[in-house]
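> Okay, handing you the structure first.
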Amino acid sequence: MTSTPHKMKRPKRGVPEGLWQSCPGCQAAIYRQEADKRLGVCPECDYHWYVPAKDRIVQVLDEGTFEPWDDDLRPTDPLEFVDRKAYKDRLVAEQKRTGLTDAAITGTGMIRARRVAFGVTDSAFIMGSMGSVVGERLTRLVERATEQQLPLIIISGSGGGARMHEGILSLMQMAKVSTALAQYDDSGGLFISVLTNPTMGGVAASFASLGDVVFAEPKALIGFAGPRTIKATIRLELPEGFQTSEFLLEHGFIDRIVHRAKLKSEIARTIDYCGK
Ligand SMILES: [Zn+2]
């Protein structure tokens, strides 16, 4: 689990919002409808707010074109894991709260009339962490993209990395999805990975970083371990803006920062540019 610096603080995820919302970027009270019109971007400071996976589908895919794949997969509790509460109870509560069955939605749809394989993770569901269902849905998504020679788009919003409640079964998803991506790459596929706030841990350390092209939303927190953990380990002051999209662009870890309003066009343009 990672901690986020003060600037990155977001409102409680998955909680119904009122008419006004305090912006995590500039702390101003923002009229919710105004931000929604701008795809969840603050009209005052351009801070990119959290967007649920279902809204991402609406924002990026052509209207009514999305068909889910492997929607029937459900998480189980093979370790009978208990932390503050039993994992099986936590799953039920998260499903009820978010309306999702697990932290990833995958399927196919069109982006400006180009058919793509599309996946998105949602940080509201146990921090968007990758358990067996997230790993399996993504792996099958990549495998279908390979078979059907589709461009592959995955939007990551995962602060939790691997899901500790599933132990080793969760960790092995990193290798599984990465292997499928290597096969996809061998077949000549184009994988566009879009990193959003936050993309951390085992998600950042597997599929999210393996894009042929890696986009990030502005000011997203992206990294492996959280800044506090790193600071405590290396005992050095971390540079300004450490683990933000802007810092990582400068250091060559991502290819481009893309504003949410331009994401759809930019993906379509990249697909065309790469001749896919
Ligand atoms: Zn703001």
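FYI, nothing fancy with the structure tokens labels: chains A, B, ... in order, residues from 1 per chain, ligands from 1 as they appear.
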Could you list, with a cut-off of 7 Å and counting only C-alpha atoms and all ligand atoms, the residues of chain A near ligand 1, each shown with its nearest atom pair and the distance in Å rounded to one decimal, rows sorted by chain and ascending number, as CSV?

residue,atom,partner,partner_atom_place_in_ligand_line,distance
A:Cys23,CA,ligand 1,1 (Zn),4.6
A:Pro24,CA,ligand 1,1 (Zn),6.4
A:Gly25,CA,ligand 1,1 (Zn),4.6
A:Cys26,CA,ligand 1,1 (Zn),4.1
A:Gln27,CA,ligand 1,1 (Zn),6.2
A:Ala28,CA,ligand 1,1 (Zn),6.0
A:Cys42,CA,ligand 1,1 (Zn),4.6
A:Pro43,CA,ligand 1,1 (Zn),6.6
A:Glu44,CA,ligand 1,1 (Zn),4.9
A:Cys45,CA,ligand 1,1 (Zn),4.1
A:Asp46,CA,ligand 1,1 (Zn),6.0
A:Tyr47,CA,ligand 1,1 (Zn),5.3
> Write out the residues from the selection above, keeping all heavy atoms, as a CSV table (one decimal), in the first residue's frame.

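Listing of part-v5.csv after writing:
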chain,number,residue,atom,x,y,z
A,23,CYS,N,-11.6,20.7,-4.7
A,23,CYS,CA,-10.7,20.2,-5.6
A,23,CYS,C,-9.4,19.8,-4.9
A,23,CYS,O,-8.8,20.6,-4.1
A,23,CYS,CB,-10.3,21.3,-6.7
A,23,CYS,SG,-9.0,20.8,-7.7
A,24,PRO,N,-8.9,18.6,-5.1
A,24,PRO,CA,-7.7,18.1,-4.5
A,24,PRO,C,-6.4,18.9,-5.0
A,24,PRO,O,-5.4,18.9,-4.3
A,24,PRO,CB,-7.5,16.7,-4.9
A,24,PRO,CG,-8.8,16.3,-5.6
A,24,PRO,CD,-9.5,17.6,-6.0
A,25,GLY,N,-6.6,19.5,-6.1
A,25,GLY,CA,-5.4,20.3,-6.7
A,25,GLY,C,-5.3,21.7,-6.1
A,25,GLY,O,-4.2,22.1,-5.7
A,26,CYS,N,-6.4,22.4,-6.1
A,26,CYS,CA,-6.4,23.8,-5.7
A,26,CYS,C,-7.2,24.1,-4.4
A,26,CYS,O,-7.3,25.3,-4.0
A,26,CYS,CB,-6.8,24.7,-6.8
A,26,CYS,SG,-8.5,24.5,-7.3
A,27,GLN,N,-7.9,23.1,-3.9
A,27,GLN,CA,-8.7,23.2,-2.7
A,27,GLN,C,-9.9,24.1,-2.9
A,27,GLN,O,-10.6,24.4,-1.9
A,27,GLN,CB,-7.9,23.7,-1.5
A,27,GLN,CG,-7.2,22.6,-0.7
A,27,GLN,CD,-5.9,22.0,-1.4
A,27,GLN,OE1,-5.1,22.8,-1.9
A,27,GLN,NE2,-5.8,20.7,-1.6
A,28,ALA,N,-10.2,24.6,-4.1
A,28,ALA,CA,-11.3,25.5,-4.3
A,28,ALA,C,-12.6,24.6,-4.3
A,28,ALA,O,-12.6,23.4,-4.6
A,28,ALA,CB,-11.2,26.2,-5.6
A,42,CYS,N,-10.7,19.9,-13.1
A,42,CYS,CA,-11.0,21.1,-12.4
A,42,CYS,C,-11.0,22.3,-13.3
A,42,CYS,O,-10.0,22.6,-14.0
A,42,CYS,CB,-10.0,21.3,-11.2
A,42,CYS,SG,-10.3,22.9,-10.4
A,43,PRO,N,-12.1,23.1,-13.4
A,43,PRO,CA,-12.1,24.3,-14.3
A,43,PRO,C,-11.2,25.4,-13.8
A,43,PRO,O,-10.8,26.3,-14.5
A,43,PRO,CB,-13.6,24.8,-14.2
A,43,PRO,CG,-14.2,24.1,-13.1
A,43,PRO,CD,-13.3,22.9,-12.7
A,44,GLU,N,-10.7,25.3,-12.5
A,44,GLU,CA,-9.9,26.4,-11.9
A,44,GLU,C,-8.4,26.1,-12.2
A,44,GLU,O,-7.6,26.9,-12.7
A,44,GLU,CB,-10.1,26.5,-10.4
A,44,GLU,CG,-11.5,27.0,-10.0
A,44,GLU,CD,-11.8,28.4,-10.5
A,44,GLU,OE1,-10.8,29.2,-10.5
A,44,GLU,OE2,-12.9,28.7,-10.8
A,45,CYS,N,-8.0,24.8,-11.9
A,45,CYS,CA,-6.5,24.5,-11.9
A,45,CYS,C,-6.2,23.4,-12.8
A,45,CYS,O,-5.0,23.0,-12.9
A,45,CYS,CB,-6.0,24.2,-10.5
A,45,CYS,SG,-6.6,22.6,-9.9
A,46,ASP,N,-7.2,22.8,-13.5
A,46,ASP,CA,-6.9,21.7,-14.5
A,46,ASP,C,-6.5,20.4,-13.8
A,46,ASP,O,-6.0,19.5,-14.5
A,46,ASP,CB,-5.8,22.1,-15.5
A,46,ASP,CG,-6.2,21.8,-16.9
A,46,ASP,OD1,-7.4,21.8,-17.2
A,46,ASP,OD2,-5.3,21.5,-17.7
A,47,TYR,N,-6.7,20.3,-12.5
A,47,TYR,CA,-6.3,19.0,-11.8
A,47,TYR,C,-7.3,17.9,-12.4
A,47,TYR,O,-8.5,18.2,-12.5
A,47,TYR,CB,-6.5,19.2,-10.3
A,47,TYR,CG,-6.1,18.0,-9.5
A,47,TYR,CD1,-4.8,17.8,-9.1
A,47,TYR,CD2,-7.0,17.0,-9.2
A,47,TYR,CE1,-4.4,16.7,-8.4
A,47,TYR,CE2,-6.7,15.8,-8.5
A,47,TYR,CZ,-5.4,15.7,-8.1
A,47,TYR,OH,-5.0,14.6,-7.4
> What are the DSSP helix (DSSP H, G or I) residues of stretch 4-197 of chain A, as a PDB file with C-alpha atoms, in the first residue's frame?

ATOM      1  CA  HIS A   6      -0.875  16.008   0.481  1.00  0.00           C
ATOM      2  CA  LYS A   7      -1.185  17.593  -2.945  1.00  0.00           C
ATOM      3  CA  MET A   8      -2.473  14.348  -4.435  1.00  0.00           C
ATOM      4  CA  ARG A  32     -19.572  19.343  -9.540  1.00  0.00           C
ATOM      5  CA  GLN A  33     -21.549  19.660 -12.778  1.00  0.00           C
ATOM      6  CA  GLU A  34     -18.990  22.091 -14.167  1.00  0.00           C
ATOM      7  CA  ALA A  35     -16.174  19.608 -13.564  1.00  0.00           C
ATOM      8  CA  ASP A  36     -18.243  16.747 -15.005  1.00  0.00           C
ATOM      9  CA  LYS A  37     -18.730  18.724 -18.212  1.00  0.00           C
ATOM     10  CA  ALA A  53     -13.908   2.923 -14.835  1.00  0.00           C
ATOM     11  CA  LYS A  54     -17.417   3.087 -16.315  1.00  0.00           C
ATOM     12  CA  ASP A  55     -17.019   6.811 -17.013  1.00  0.00           C
ATOM     13  CA  ARG A  56     -13.656   6.153 -18.658  1.00  0.00           C
ATOM     14  CA  ILE A  57     -15.411   3.851 -21.112  1.00  0.00           C
ATOM     15  CA  VAL A  58     -17.856   6.638 -21.960  1.00  0.00           C
ATOM     16  CA  GLN A  59     -15.045   9.186 -22.291  1.00  0.00           C
ATOM     17  CA  VAL A  60     -12.747   7.142 -24.512  1.00  0.00           C
ATOM     18  CA  TYR A  87     -11.505 -10.541   2.508  1.00  0.00           C
ATOM     19  CA  LYS A  88     -14.709 -12.285   1.431  1.00  0.00           C
ATOM     20  CA  ASP A  89     -16.774  -9.659   3.271  1.00  0.00           C
ATOM     21  CA  ARG A  90     -14.569  -6.884   1.904  1.00  0.00           C
ATOM     22  CA  LEU A  91     -15.217  -8.116  -1.641  1.00  0.00           C
ATOM     23  CA  VAL A  92     -18.971  -8.035  -1.149  1.00  0.00           C
ATOM     24  CA  ALA A  93     -18.796  -4.534   0.362  1.00  0.00           C
ATOM     25  CA  GLU A  94     -16.583  -3.209  -2.468  1.00  0.00           C
ATOM     26  CA  GLN A  95     -18.844  -4.720  -5.103  1.00  0.00           C
ATOM     27  CA  LYS A  96     -21.860  -3.088  -3.535  1.00  0.00           C
ATOM     28  CA  ARG A  97     -20.154   0.285  -3.092  1.00  0.00           C
ATOM     29  CA  THR A  98     -18.617   0.547  -6.581  1.00  0.00           C
ATOM     30  CA  ILE A 126      -9.509  -2.077  -3.179  1.00  0.00           C
ATOM     31  CA  MET A 127      -7.143   0.615  -4.520  1.00  0.00           C
ATOM     32  CA  GLY A 128      -7.438  -0.831  -8.037  1.00  0.00           C
ATOM     33  CA  SER A 132      -6.552 -13.036  -9.768  1.00  0.00           C
ATOM     34  CA  VAL A 133      -9.610 -11.632 -11.561  1.00  0.00           C
ATOM     35  CA  VAL A 134      -7.906  -8.397 -12.636  1.00  0.00           C
ATOM     36  CA  GLY A 135      -4.886 -10.410 -13.835  1.00  0.00           C
ATOM     37  CA  GLU A 136      -7.010 -12.980 -15.640  1.00  0.00           C
ATOM     38  CA  ARG A 137      -9.267 -10.406 -17.318  1.00  0.00           C
ATOM     39  CA  LEU A 138      -6.255  -8.432 -18.521  1.00  0.00           C
ATOM     40  CA  THR A 139      -4.408 -11.550 -19.691  1.00  0.00           C
ATOM     41  CA  ARG A 140      -7.413 -12.747 -21.693  1.00  0.00           C
ATOM     42  CA  LEU A 141      -7.813  -9.227 -23.079  1.00  0.00           C
ATOM     43  CA  VAL A 142      -4.218  -9.283 -24.323  1.00  0.00           C
ATOM     44  CA  GLU A 143      -4.633 -12.807 -25.736  1.00  0.00           C
ATOM     45  CA  ARG A 144      -7.769 -11.803 -27.655  1.00  0.00           C
ATOM     46  CA  ALA A 145      -6.036  -8.669 -28.901  1.00  0.00           C
ATOM     47  CA  THR A 146      -3.273 -10.957 -30.206  1.00  0.00           C
ATOM     48  CA  GLU A 147      -5.689 -13.397 -31.907  1.00  0.00           C
ATOM     49  CA  MET A 164      -2.145  -8.583  -0.676  1.00  0.00           C
ATOM     50  CA  HIS A 165      -5.371 -10.406   0.231  1.00  0.00           C
ATOM     51  CA  GLU A 166      -4.593 -12.977  -2.468  1.00  0.00           C
ATOM     52  CA  GLY A 167      -0.888 -13.322  -1.625  1.00  0.00           C
ATOM     53  CA  ILE A 168       1.229 -15.179  -4.164  1.00  0.00           C
ATOM     54  CA  LEU A 169      -1.779 -15.692  -6.460  1.00  0.00           C
ATOM     55  CA  SER A 170      -1.853 -11.953  -6.829  1.00  0.00           C
ATOM     56  CA  LEU A 171       1.896 -11.603  -7.411  1.00  0.00           C
ATOM     57  CA  MET A 172       1.897 -14.219 -10.178  1.00  0.00           C
ATOM     58  CA  GLN A 173      -0.556 -12.074 -12.168  1.00  0.00           C
ATOM     59  CA  MET A 174       2.342  -9.701 -12.878  1.00  0.00           C
ATOM     60  CA  ALA A 175       4.277 -12.457 -14.666  1.00  0.00           C
ATOM     61  CA  LYS A 176       1.167 -13.840 -16.377  1.00  0.00           C
ATOM     62  CA  VAL A 177      -0.010 -10.597 -17.920  1.00  0.00           C
ATOM     63  CA  SER A 178       3.565  -9.619 -18.839  1.00  0.00           C
ATOM     64  CA  THR A 179       4.042 -12.944 -20.671  1.00  0.00           C
ATOM     65  CA  ALA A 180       0.844 -12.391 -22.647  1.00  0.00           C
ATOM     66  CA  LEU A 181       2.079  -8.895 -23.523  1.00  0.00           C
ATOM     67  CA  ALA A 182       5.410 -10.293 -24.760  1.00  0.00           C
ATOM     68  CA  GLN A 183       3.500 -12.642 -27.083  1.00  0.00           C
ATOM     69  CA  TYR A 184       1.317  -9.760 -28.220  1.00  0.00           C
ATOM     70  CA  ASP A 185       4.454  -7.743 -28.941  1.00  0.00           C
ATOM     71  CA  ASP A 186       5.961 -10.661 -30.949  1.00  0.00           C
TER      72      ASP A 186
END
> Smallest atom-to-atom distance to A:Gly188: which of A:Ser129, A:Ser209, A:Gln148, A:Gln243, using only C-alpha atoms?
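Answer, going by the shortest atom-to-atom distance: A:Gln148.
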> Considering only C-alpha atoms, return as an NGL selection string whatever protein or nucleic-acid residues lie within 8 Å of A:Ser156, sequence-local ones (same chain, fewer than 4 positions apart) excluded.
:A and (120-122 or 193-196 or 198-199 or 203 or 208)
> Quick one: write out the picked residues with all heavy atoms as a CSV table (one decimal), in the first residue's frame?

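File selection_18.csv, as written:
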chain,number,residue,atom,x,y,z
A,120,VAL,N,-9.6,-1.2,-18.4
A,120,VAL,CA,-9.4,0.0,-17.5
A,120,VAL,C,-9.5,-0.5,-16.0
A,120,VAL,O,-10.3,-1.4,-15.7
A,120,VAL,CB,-10.5,1.1,-17.7
A,120,VAL,CG1,-11.9,0.5,-17.8
A,120,VAL,CG2,-10.4,2.2,-16.8
A,121,THR,N,-8.6,0.0,-15.2
A,121,THR,CA,-8.7,-0.4,-13.8
A,121,THR,C,-9.2,0.8,-13.0
A,121,THR,O,-9.0,1.9,-13.4
A,121,THR,CB,-7.3,-0.9,-13.2
A,121,THR,OG1,-6.4,0.2,-13.2
A,121,THR,CG2,-6.7,-2.0,-14.0
A,122,ASP,N,-9.9,0.5,-11.9
A,122,ASP,CA,-10.6,1.5,-11.1
A,122,ASP,C,-10.0,1.5,-9.7
A,122,ASP,O,-10.1,0.5,-8.9
A,122,ASP,CB,-12.1,1.2,-11.1
A,122,ASP,CG,-12.9,2.3,-10.5
A,122,ASP,OD1,-12.5,3.0,-9.6
A,122,ASP,OD2,-14.0,2.5,-11.1
A,193,SER,N,-0.4,2.2,-23.3
A,193,SER,CA,-0.7,2.2,-21.9
A,193,SER,C,-0.9,3.6,-21.4
A,193,SER,O,-0.1,4.5,-21.7
A,193,SER,CB,0.5,1.6,-21.1
A,193,SER,OG,0.2,1.6,-19.7
A,194,VAL,N,-2.1,3.9,-20.7
A,194,VAL,CA,-2.4,5.2,-20.2
A,194,VAL,C,-2.3,5.2,-18.7
A,194,VAL,O,-3.1,4.4,-18.1
A,194,VAL,CB,-3.8,5.6,-20.7
A,194,VAL,CG1,-4.1,7.1,-20.2
A,194,VAL,CG2,-3.9,5.6,-22.2
A,195,LEU,N,-1.5,5.9,-18.1
A,195,LEU,CA,-1.3,5.9,-16.7
A,195,LEU,C,-2.1,7.1,-16.1
A,195,LEU,O,-1.9,8.3,-16.5
A,195,LEU,CB,0.2,6.1,-16.3
A,195,LEU,CG,1.1,5.1,-17.1
A,195,LEU,CD1,2.6,5.3,-16.6
A,195,LEU,CD2,0.7,3.7,-16.9
A,196,THR,N,-2.9,6.8,-15.1
A,196,THR,CA,-3.6,7.9,-14.4
A,196,THR,C,-3.3,7.9,-12.9
A,196,THR,O,-2.6,6.9,-12.4
A,196,THR,CB,-5.1,7.7,-14.6
A,196,THR,OG1,-5.6,6.6,-13.8
A,196,THR,CG2,-5.5,7.5,-16.1
A,198,PRO,N,-3.8,7.1,-9.2
A,198,PRO,CA,-2.4,6.7,-9.1
A,198,PRO,C,-2.1,5.4,-9.8
A,198,PRO,O,-3.0,4.6,-10.0
A,198,PRO,CB,-2.3,6.5,-7.6
A,198,PRO,CG,-3.7,5.9,-7.2
A,198,PRO,CD,-4.7,6.5,-8.2
A,199,THR,N,-0.9,5.3,-10.3
A,199,THR,CA,-0.4,4.0,-10.8
A,199,THR,C,0.8,3.5,-10.1
A,199,THR,O,1.9,4.1,-10.3
A,199,THR,CB,-0.2,4.1,-12.3
A,199,THR,OG1,-1.4,4.5,-13.0
A,199,THR,CG2,0.2,2.7,-12.9
A,203,VAL,N,1.2,-3.0,-10.3
A,203,VAL,CA,0.6,-2.6,-11.6
A,203,VAL,C,1.6,-1.8,-12.4
A,203,VAL,O,1.9,-2.1,-13.6
A,203,VAL,CB,-0.7,-1.9,-11.4
A,203,VAL,CG1,-1.2,-1.2,-12.7
A,203,VAL,CG2,-1.8,-2.8,-10.9
A,208,ALA,N,1.4,-1.9,-16.8
A,208,ALA,CA,1.3,-0.4,-17.0
A,208,ALA,C,2.5,0.2,-17.7
A,208,ALA,O,2.5,1.2,-18.4
A,208,ALA,CB,0.9,0.3,-15.7
> So, counting only C-alpha atoms, which residue among A:Leu100, A:Met110, A:Ile154, A:Leu190 is closest to A:Ile271?
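So, comparing all the options, the nearest one is A:Leu190.
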> Can you tell me, as a list in words, what residues are no more than 9 Å from A:Leu61 when counting only C-alpha atoms, ignoring any on the same chain fewer than 5 positions away?
Arg56, Phe66, Gly109, Met110, Ile111, Arg112, Phe118 and Lys264 of chain A
